[in-house]
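Notes to accompany the following structure.
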Amino acid sequence: MSILVVDDSSFARFQVREELQSEYSVLEASDGASCLEVLKTQPVKLVTLDIEMSGMDGFEVCHKIRTHSDQRDCQISNVPIIFVTSKDDLNERLKGYDVGGSDFFSKPFPKGMLLHRVNEILNPQTKYRDMSILVVEDDLITQRLMAEALSSLGVRLEFASHGREALDFVARPKNSYDLILTDQNMPIMDGIEMCKRIRKGFGLANLPIMFVCGESELDLTLNIFKAGATSLHRKPFIREDLLANVKAHLNNKLVEKRLKQVNEQLAELADVKSQFLANMSHEIRTPINGILGLTQFTLEEEIDESHRGNLELVHSSAEHLLDVVNDILDLSKLESGKFLASSLPFHLKDCVQRVFSQIEAGCNEKSLEFVLSFPAKCPGMVLGDERMLRQILFNLLGNAAKFTPECGVVHLYIECNKEEEGSQIELTFSIADSGIGISDQMMSAIFDPFRQADETHSRQFGGTGLGLAITSEFVNLLGGKIWVDSKVGIGSSFHFAVPFEVYHESESELEAPRNEASLEPLGALHILLAEDNKVNQKLALKVLEKAGHRVVVVSDGQEAVKQYTQEKFDLILMDIQMPALNGIEATKEIRKLEEADSASIPIVALTAHAMVGDKEKYLSSGMDGYVSKPFKKKQLFAEMARVLSKESFSS
């Protein structure tokens with residue numbers, strides 16, 4: 001039994017495939033035309049369909065499926081369609097149902113929920129299998145008729161002969177009912193009295209109670225609903241009418257249960273994942289900071305050349321480890337929707353050239369030929385997200401260099417398509433190599449997370465397999481598209497096209513922020529360094545003292561507060577995760593002390609916490625600046641200069 005997953009994002013297709021492939025065979029299509037072709041050639045039981053796609057959108061595709069012209073084949077036009085999309089609001093849902101959609105699912109979805117819904121649609125008899133109904137009826141013939149009708153739902157049924165027995169069932173700790181069907185006139189205790197006691201005595205205000213009785217007097221009907229009944233069904237009942245009423249109650253209960261489960265799962269998963277990633281980021285970045293910093297510091301000194309080679313290898317290995325950590329964190333941010341594309345002016349040629357030169361410099365030993373081709377009319381500055389573009393180029397050029405053997409060629413060429421009117425342009429970047437190529441079998445999964453172009457090469461070339469997945473998502477966030485051409489043994493060409501807007505102001509406007517990174521604090525400063533890690537203490541001390549500053553080092557937040565009260569400092573560099581008092585708590589204590597004498601010392605967070613929102617959290621707690629570990633000297637000095645300049649100006 002096959003399910004067709006239609007989405008132009010390879011990462012989104014991967015998520016749905018991972019959800020469904022344990023129970024179903026999964027086919028994939030990246031656009032509407034491919035979807036229709038698959039439906040014509042292969043049997044499909046259900047389609048999951050994205051809305052926003054190039055060419056035909058999801059609504060058009062759904063309409064074409066429903067109006068399939070071949071009347072001899074009803075399978076295509078009647079196939080269930082679930083819209084799985086991030087574009088989910090009331091108007092979209094109404095439009096989706098209007099063109100023939102069966103259901104809507106919002107991205108991202110909790111694990112297990114999409115599979116559950118697919119099972120409900122394809123195997124309706126399993127929908128209510130985990131639900132239970134208590135039937136309270138003293139007439140044995142009516143009991144039997146109700147049992148025959150309700151058994152088709154697959155629910156668990158229990159029977160009580162009067163209200164007292166029903167209360168005993170409800171009171172049992174292990175019993176949990178999703179619906180009670182009850183008669184009114186029964187021995188020992190009637191339905192109204194039983195209903196009142198369930199509502200008041202047991203506090204089960206949300207348990208559906210449906211009366212199935214023959215009485216029709218107005219006063220009795222009012223008393224039934226006053227007692228807490230959810231609905232009233234008349235005897236003698238028609239089987240289909242009773243089932244329809246029961247299903248309505250059970251469906252409401254299912255929705256209630258699912259919402260509760262989803263909220264609990266989302267809250268738990270979000271907390272666990274956030275805490276894990278925060279801890280992982282901190283615990284790995286802290287030692288990397290020491291390794292990178294101390295090796296770089298030593299490489300700047302006069303050392304034996306044999307030792308220099310070893311240290312350069314150590315430094316390179318640490319940078320690679322940092323890249324792996326950053327890839328994992330980037331993927332997590334993408335999954336949670338926390339990555340947003342910015343639109344700021346930057347030098348296009350300079351951005352591309354710096355990435356290209358960095359990759360080229362790292363491949364000297366392989367003797368690769370690197371070729372960079374810019375268009376004749378290339379805009380000097382554009383509006384867009386420089387960081388994302390830089391990461392896309394870094395990933396694609398890095399892959400091209402990695403998978404190309406010695407003396408091969410890596411070629412980056414750029415084409416510029418400008419609209420006749422306005423300043424909008426589309427830049428197409430193509431990265432061609434003479435590497436190992438990609439097999440046809442792997443082409444469909446090339447942008448999936450944790451996959452490499454050829455699994456047999458994974459040990460030889462290494463890598464997490466996250467680079468292309470992140471690259472694909474970044475291109476999507478920039479409003480572009482990405483594709484690949486490849487032949488095994490000949491090479492690959494990765495292409496991506498993204499829109500930019502030409503920035504017409506003078507290039508001098510960008511010089512100030514670019515030069516800001518090279519600023520160092522003026523004069524010798526008296527600095528308080530709060531850091532509990534011995535290696536990072538030593539590194540920061542060397543960097544600061546070499547720049548001419550006097551530094552006092554403390555190992556926790558409590559000592560930092562105490563030292564602040566005993567000496568006058570120009571600046572505090574504050575780690576976050578420390579014993580006694582952490583960095584945030586220590587900062588708040590210092591700010592309280594400052595209120596007495598109206599003073600304010602600049603405090604910069606110097607921390608391995610680098611998750612989305614960390615910087616904002618620390619600044620809102622009273623800190624003035626933020627530098628993440630592993631840090632570079634220019635980055636640290638620029639932030640110190642910025643907060644000191646701000647302090648001087650405010651004074």
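Going through the structure tokens in order, the chains are called A, B, and so on, while each chain numbers its residues from 1 and the ligands are numbered from 1 in the order shown.
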
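For Phe447 of chain A, the set of protein, DNA and RNA residues having any atom at most 6 Å away, when counting only C-alpha atoms and skipping those fewer than 4 positions along the same chain, is Ser10, Leu468 and Ala469 of chain A.
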
| segment 105-158 of chain A: which residues are helix (DSSP H, G or I) by DSSP, as number ranges by chain? | A: 113-122, 124-126, 140-153

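You can rank A:Leu529, A:Glu406, A:Met1, A:Val484 by their closest distance to Ser367 of chain A using only C-alpha atoms, and at the top of that list sits A:Glu406.
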
| message | Which residues are near segment 233-238 of chain A? Cut-off 12 Å, only C-alpha atoms, ignore same chain within fewer than 3 positions. Put them as an MDAnalysis selection string. | response | chainID A and resid 141:142 145:146 149 181:184 209:217 221 224 229:230 241:246

Residues within 10 Å of segment 581-592 of chain A, please, as a PDB file with N, CA and C atoms, in the first residue's frame. Count only C-alpha atoms; anything in the same chain fewer than 6 positions from it doesn't count.
```
ATOM      1  N   ALA A 530      35.196  36.743  34.970  1.00  0.00           N
ATOM      2  CA  ALA A 530      34.514  35.701  35.739  1.00  0.00           C
ATOM      3  C   ALA A 530      34.383  34.468  34.848  1.00  0.00           C
ATOM      4  N   GLU A 531      35.167  33.429  35.133  1.00  0.00           N
ATOM      5  CA  GLU A 531      35.231  32.230  34.298  1.00  0.00           C
ATOM      6  C   GLU A 531      35.654  31.044  35.158  1.00  0.00           C
ATOM      7  N   ASP A 556      33.721  32.063  39.981  1.00  0.00           N
ATOM      8  CA  ASP A 556      32.268  31.907  40.022  1.00  0.00           C
ATOM      9  C   ASP A 556      31.611  33.266  40.200  1.00  0.00           C
ATOM     10  N   GLY A 557      30.276  33.295  40.064  1.00  0.00           N
ATOM     11  CA  GLY A 557      29.542  34.544  40.126  1.00  0.00           C
ATOM     12  C   GLY A 557      29.590  35.212  41.478  1.00  0.00           C
ATOM     13  N   GLN A 558      29.611  34.403  42.555  1.00  0.00           N
ATOM     14  CA  GLN A 558      29.664  34.961  43.908  1.00  0.00           C
ATOM     15  C   GLN A 558      30.969  35.728  44.127  1.00  0.00           C
ATOM     16  N   GLU A 559      32.086  35.141  43.667  1.00  0.00           N
ATOM     17  CA  GLU A 559      33.381  35.822  43.773  1.00  0.00           C
ATOM     18  C   GLU A 559      33.394  37.091  42.927  1.00  0.00           C
ATOM     19  N   ALA A 560      32.715  37.046  41.761  1.00  0.00           N
ATOM     20  CA  ALA A 560      32.676  38.227  40.895  1.00  0.00           C
ATOM     21  C   ALA A 560      32.000  39.397  41.605  1.00  0.00           C
ATOM     22  N   VAL A 561      30.874  39.132  42.273  1.00  0.00           N
ATOM     23  CA  VAL A 561      30.166  40.184  43.001  1.00  0.00           C
ATOM     24  C   VAL A 561      31.043  40.730  44.131  1.00  0.00           C
ATOM     25  N   LYS A 562      31.689  39.817  44.864  1.00  0.00           N
ATOM     26  CA  LYS A 562      32.549  40.224  45.972  1.00  0.00           C
ATOM     27  C   LYS A 562      33.710  41.083  45.481  1.00  0.00           C
ATOM     28  N   TYR A 564      33.882  42.832  42.758  1.00  0.00           N
ATOM     29  CA  TYR A 564      33.373  44.100  42.250  1.00  0.00           C
ATOM     30  C   TYR A 564      33.252  45.126  43.373  1.00  0.00           C
ATOM     31  N   THR A 565      32.884  44.665  44.569  1.00  0.00           N
ATOM     32  CA  THR A 565      32.723  45.589  45.693  1.00  0.00           C
ATOM     33  C   THR A 565      34.060  46.038  46.277  1.00  0.00           C
ATOM     34  N   ILE A 572      33.629  44.194  32.919  1.00  0.00           N
ATOM     35  CA  ILE A 572      33.519  42.821  33.423  1.00  0.00           C
ATOM     36  C   ILE A 572      33.207  41.902  32.249  1.00  0.00           C
ATOM     37  N   LEU A 573      34.001  40.833  32.111  1.00  0.00           N
ATOM     38  CA  LEU A 573      33.706  39.759  31.155  1.00  0.00           C
ATOM     39  C   LEU A 573      33.111  38.613  31.959  1.00  0.00           C
ATOM     40  N   MET A 574      31.864  38.279  31.675  1.00  0.00           N
ATOM     41  CA  MET A 574      31.110  37.382  32.540  1.00  0.00           C
ATOM     42  C   MET A 574      30.715  36.098  31.803  1.00  0.00           C
ATOM     43  N   ASP A 575      31.230  34.959  32.295  1.00  0.00           N
ATOM     44  CA  ASP A 575      30.735  33.675  31.818  1.00  0.00           C
ATOM     45  C   ASP A 575      29.308  33.486  32.353  1.00  0.00           C
ATOM     46  N   SER A 598      24.496  55.053  41.806  1.00  0.00           N
ATOM     47  CA  SER A 598      24.177  55.493  40.437  1.00  0.00           C
ATOM     48  C   SER A 598      25.294  55.214  39.446  1.00  0.00           C
ATOM     49  N   ALA A 599      26.118  54.210  39.703  1.00  0.00           N
ATOM     50  CA  ALA A 599      27.182  53.822  38.778  1.00  0.00           C
ATOM     51  C   ALA A 599      26.677  52.703  37.872  1.00  0.00           C
ATOM     52  N   SER A 600      27.404  52.453  36.779  1.00  0.00           N
ATOM     53  CA  SER A 600      27.031  51.369  35.868  1.00  0.00           C
ATOM     54  C   SER A 600      28.266  50.900  35.128  1.00  0.00           C
ATOM     55  N   ILE A 601      28.714  49.681  35.426  1.00  0.00           N
ATOM     56  CA  ILE A 601      29.899  49.142  34.779  1.00  0.00           C
ATOM     57  C   ILE A 601      29.487  48.298  33.580  1.00  0.00           C
ATOM     58  N   ILE A 603      29.162  45.246  31.285  1.00  0.00           N
ATOM     59  CA  ILE A 603      29.309  43.801  31.488  1.00  0.00           C
ATOM     60  C   ILE A 603      29.059  43.106  30.153  1.00  0.00           C
ATOM     61  N   VAL A 604      30.029  42.298  29.722  1.00  0.00           N
ATOM     62  CA  VAL A 604      29.928  41.562  28.460  1.00  0.00           C
ATOM     63  C   VAL A 604      29.833  40.073  28.771  1.00  0.00           C
ATOM     64  N   ALA A 605      28.787  39.425  28.250  1.00  0.00           N
ATOM     65  CA  ALA A 605      28.668  37.971  28.387  1.00  0.00           C
ATOM     66  C   ALA A 605      29.696  37.315  27.475  1.00  0.00           C
ATOM     67  N   LEU A 606      30.572  36.501  28.056  1.00  0.00           N
ATOM     68  CA  LEU A 606      31.573  35.745  27.292  1.00  0.00           C
ATOM     69  C   LEU A 606      31.282  34.278  27.562  1.00  0.00           C
ATOM     70  N   THR A 607      30.514  33.644  26.662  1.00  0.00           N
ATOM     71  CA  THR A 607      29.894  32.371  27.004  1.00  0.00           C
ATOM     72  C   THR A 607      29.847  31.418  25.823  1.00  0.00           C
ATOM     73  N   LYS A 617      18.427  37.117  25.773  1.00  0.00           N
ATOM     74  CA  LYS A 617      18.164  36.817  27.180  1.00  0.00           C
ATOM     75  C   LYS A 617      19.207  37.485  28.079  1.00  0.00           C
ATOM     76  N   TYR A 618      20.466  37.419  27.677  1.00  0.00           N
ATOM     77  CA  TYR A 618      21.527  37.990  28.516  1.00  0.00           C
ATOM     78  C   TYR A 618      21.481  39.516  28.513  1.00  0.00           C
ATOM     79  N   LEU A 619      21.183  40.102  27.374  1.00  0.00           N
ATOM     80  CA  LEU A 619      21.088  41.568  27.312  1.00  0.00           C
ATOM     81  C   LEU A 619      19.912  42.074  28.144  1.00  0.00           C
ATOM     82  N   SER A 620      18.800  41.328  28.124  1.00  0.00           N
ATOM     83  CA  SER A 620      17.637  41.751  28.904  1.00  0.00           C
ATOM     84  C   SER A 620      17.850  41.571  30.402  1.00  0.00           C
ATOM     85  N   SER A 621      18.834  40.757  30.789  1.00  0.00           N
ATOM     86  CA  SER A 621      19.101  40.537  32.208  1.00  0.00           C
ATOM     87  C   SER A 621      19.998  41.616  32.808  1.00  0.00           C
ATOM     88  N   GLY A 622      20.478  42.544  31.980  1.00  0.00           N
ATOM     89  CA  GLY A 622      21.293  43.637  32.494  1.00  0.00           C
ATOM     90  C   GLY A 622      22.684  43.706  31.916  1.00  0.00           C
ATOM     91  N   MET A 623      23.045  42.779  31.026  1.00  0.00           N
ATOM     92  CA  MET A 623      24.366  42.828  30.402  1.00  0.00           C
ATOM     93  C   MET A 623      24.344  43.797  29.230  1.00  0.00           C
TER      94      MET A 623
END
```

| DSSP says strand (DSSP E or B) for which residues of segment 222-403 of chain A? Put them as a ChimeraX atom specification? | /A:231-234,344-347,369-373,381-384

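Close contacts of Leu541 of chain A, defined as residues with an atom at most 9 Å away when counting only C-alpha atoms, with chain neighbours fewer than 2 positions off set aside, comprise A:Leu529, A:Asn536, A:Gln537, A:Lys538, A:Leu539, A:Val543, A:Leu544, A:Glu545, A:Lys546, A:Arg550, A:Val551, A:Val552, A:Val553.
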
So that I have them on file, write out the residues from the current selection with C-alpha atoms, as a PDB file, in the first residue's frame.
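This went into part-v5.pdb:
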```
ATOM      1  CA  LEU A 529      37.093  38.110  34.269  1.00  0.00           C
ATOM      2  CA  ASN A 536      39.419  29.339  29.189  1.00  0.00           C
ATOM      3  CA  GLN A 537      40.770  31.385  32.096  1.00  0.00           C
ATOM      4  CA  LYS A 538      44.288  30.911  30.788  1.00  0.00           C
ATOM      5  CA  LEU A 539      43.324  31.714  27.200  1.00  0.00           C
ATOM      6  CA  VAL A 543      44.768  37.444  25.068  1.00  0.00           C
ATOM      7  CA  LEU A 544      43.892  40.358  27.351  1.00  0.00           C
ATOM      8  CA  GLU A 545      47.292  40.766  28.988  1.00  0.00           C
ATOM      9  CA  LYS A 546      49.056  40.669  25.614  1.00  0.00           C
ATOM     10  CA  ARG A 550      45.269  44.252  33.760  1.00  0.00           C
ATOM     11  CA  VAL A 551      43.014  41.306  34.582  1.00  0.00           C
ATOM     12  CA  VAL A 552      41.605  39.917  37.820  1.00  0.00           C
ATOM     13  CA  VAL A 553      40.248  36.367  37.468  1.00  0.00           C
TER      14      VAL A 553
END
```

| request: Write out as a VMD selection string each polymer residue whose atoms come within 10 Å of His162 of chain A, counting only C-alpha atoms; drop sequence neighbours fewer than 6 positions from it. | output: chain A and resid 135 to 139 182 to 191 194

Please save C-alpha atoms of the selected residues as an mmCIF file, in the first residue's frame.
```cif
data_model
loop_
_atom_site.group_PDB
_atom_site.id
_atom_site.type_symbol
_atom_site.label_atom_id
_atom_site.label_comp_id
_atom_site.auth_asym_id
_atom_site.auth_seq_id
_atom_site.Cartn_x
_atom_site.Cartn_y
_atom_site.Cartn_z
ATOM 1 C CA VAL A 135 -24.071 1.185 28.242
ATOM 2 C CA VAL A 136 -26.559 1.528 31.139
ATOM 3 C CA GLU A 137 -29.706 -0.378 30.126
ATOM 4 C CA ASP A 138 -31.942 -2.808 32.040
ATOM 5 C CA ASP A 139 -33.694 -4.306 29.009
ATOM 6 C CA THR A 182 -28.061 5.411 29.462
ATOM 7 C CA ASP A 183 -31.770 4.685 29.678
ATOM 8 C CA GLN A 184 -33.941 6.831 31.971
ATOM 9 C CA ASN A 185 -36.371 4.431 33.696
ATOM 10 C CA MET A 186 -34.331 1.732 35.483
ATOM 11 C CA PRO A 187 -34.571 -0.101 38.837
ATOM 12 C CA ILE A 188 -32.535 0.961 41.914
ATOM 13 C CA MET A 189 -31.363 4.244 40.325
ATOM 14 C CA ASP A 190 -32.711 5.990 37.195
ATOM 15 C CA GLY A 191 -30.661 7.781 34.556
ATOM 16 C CA MET A 194 -27.060 8.658 37.991
#
```

| field | Long-range neighbours of segment 18-20 of chain A as an MDAnalysis selection string, 12 Å cut-off, only C-alpha atoms, 6 positions minimum in chain | value | chainID A and resid 1:5 11:12 26:27 46:48 108:119 448:449

Write a file of the selected residues as a short mmCIF file (atom, residue, chain, number, x, y, z; two decimals), in the first residue's frame, keeping N, CA, C and O atoms.
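As written to disk, again_16.cif reads:
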```cif
data_model
loop_
_atom_site.label_atom_id
_atom_site.label_comp_id
_atom_site.auth_asym_id
_atom_site.auth_seq_id
_atom_site.Cartn_x
_atom_site.Cartn_y
_atom_site.Cartn_z
N MET A 1 0.86 -1.19 0.00
CA MET A 1 0.00 0.00 0.00
C MET A 1 0.89 1.24 0.00
O MET A 1 1.68 1.45 0.91
N SER A 2 0.82 2.08 -1.05
CA SER A 2 1.72 3.22 -1.21
C SER A 2 1.03 4.54 -0.88
O SER A 2 -0.16 4.74 -1.18
N ILE A 3 1.82 5.44 -0.30
CA ILE A 3 1.38 6.81 -0.05
C ILE A 3 2.29 7.73 -0.84
O ILE A 3 3.52 7.56 -0.84
N LEU A 4 1.72 8.71 -1.53
CA LEU A 4 2.49 9.65 -2.33
C LEU A 4 2.69 10.95 -1.55
O LEU A 4 1.72 11.59 -1.15
N VAL A 5 3.94 11.33 -1.32
CA VAL A 5 4.29 12.55 -0.59
C VAL A 5 4.70 13.60 -1.62
O VAL A 5 5.67 13.41 -2.35
N PHE A 11 13.57 18.39 2.44
CA PHE A 11 13.58 18.18 3.89
C PHE A 11 12.18 17.85 4.40
O PHE A 11 12.01 16.97 5.24
N ALA A 12 11.15 18.55 3.87
CA ALA A 12 9.77 18.27 4.27
C ALA A 12 9.36 16.86 3.84
O ALA A 12 8.69 16.14 4.58
N VAL A 26 6.38 4.48 0.62
CA VAL A 26 6.27 5.92 0.37
C VAL A 26 6.86 6.26 -1.00
O VAL A 26 8.02 5.94 -1.28
N LEU A 27 6.07 6.92 -1.84
CA LEU A 27 6.53 7.48 -3.10
C LEU A 27 6.66 8.99 -2.93
O LEU A 27 6.00 9.58 -2.08
N LEU A 46 -3.20 7.07 -0.85
CA LEU A 46 -3.40 8.37 -0.19
C LEU A 46 -2.30 9.31 -0.64
O LEU A 46 -1.18 8.88 -0.93
N VAL A 47 -2.60 10.62 -0.67
CA VAL A 47 -1.63 11.65 -1.06
C VAL A 47 -1.50 12.67 0.06
O VAL A 47 -2.51 13.15 0.59
N THR A 48 -0.25 12.98 0.47
CA THR A 48 -0.02 14.14 1.33
C THR A 48 0.52 15.25 0.42
O THR A 48 1.44 15.02 -0.37
N PRO A 108 5.45 22.30 11.69
CA PRO A 108 5.86 20.92 11.98
C PRO A 108 4.79 20.20 12.80
O PRO A 108 4.06 20.84 13.56
N PHE A 109 4.69 18.88 12.67
CA PHE A 109 3.68 18.12 13.38
C PHE A 109 4.34 17.18 14.39
O PHE A 109 5.46 16.72 14.19
N PRO A 110 3.67 16.90 15.51
CA PRO A 110 4.23 16.00 16.52
C PRO A 110 4.38 14.59 15.97
O PRO A 110 3.57 14.13 15.17
N LYS A 111 5.41 13.91 16.40
CA LYS A 111 5.69 12.56 15.92
C LYS A 111 4.51 11.64 16.23
O LYS A 111 4.00 11.60 17.34
N GLY A 112 4.09 10.88 15.23
CA GLY A 112 3.04 9.90 15.41
C GLY A 112 1.66 10.38 15.01
O GLY A 112 0.78 9.56 14.71
N MET A 113 1.42 11.70 14.97
CA MET A 113 0.07 12.20 14.74
C MET A 113 -0.35 12.07 13.28
O MET A 113 -1.50 11.73 12.98
N LEU A 114 0.56 12.33 12.33
CA LEU A 114 0.22 12.18 10.93
C LEU A 114 -0.04 10.71 10.60
O LEU A 114 -1.00 10.38 9.89
N LEU A 115 0.81 9.82 11.11
CA LEU A 115 0.61 8.39 10.89
C LEU A 115 -0.74 7.94 11.45
O LEU A 115 -1.46 7.15 10.82
N HIS A 116 -1.10 8.47 12.62
CA HIS A 116 -2.38 8.12 13.24
C HIS A 116 -3.54 8.55 12.35
O HIS A 116 -4.49 7.79 12.14
N ARG A 117 -3.45 9.76 11.79
CA ARG A 117 -4.54 10.26 10.94
C ARG A 117 -4.62 9.46 9.64
O ARG A 117 -5.72 9.16 9.16
N VAL A 118 -3.48 9.11 9.06
CA VAL A 118 -3.47 8.30 7.84
C VAL A 118 -4.12 6.95 8.10
O VAL A 118 -4.92 6.44 7.30
N ASN A 119 -3.80 6.35 9.25
CA ASN A 119 -4.40 5.07 9.61
C ASN A 119 -5.92 5.19 9.76
O ASN A 119 -6.67 4.29 9.37
N ASP A 448 18.46 15.28 1.62
CA ASP A 448 17.95 14.77 2.89
C ASP A 448 19.01 14.87 3.97
O ASP A 448 20.20 14.69 3.70
N PRO A 449 18.61 15.12 5.23
CA PRO A 449 19.59 15.18 6.32
C PRO A 449 20.26 13.82 6.54
O PRO A 449 19.67 12.77 6.32
#
```

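The spacing separating atom CA of Gly293 of chain A from atom CA of Lys633 of chain A amounts to 8.9 Å.
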
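For the pair atom CA of Ile288 of chain A and atom CA of Ala638 of chain A, the interatomic distance is 21.2 Å.
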
| request: Considering only C-alpha atoms, state which residue in the set A:Val502, A:Leu39, A:Ile303, A:Val627 is at the smallest distance from Asn78 of chain A. | output: A:Leu39
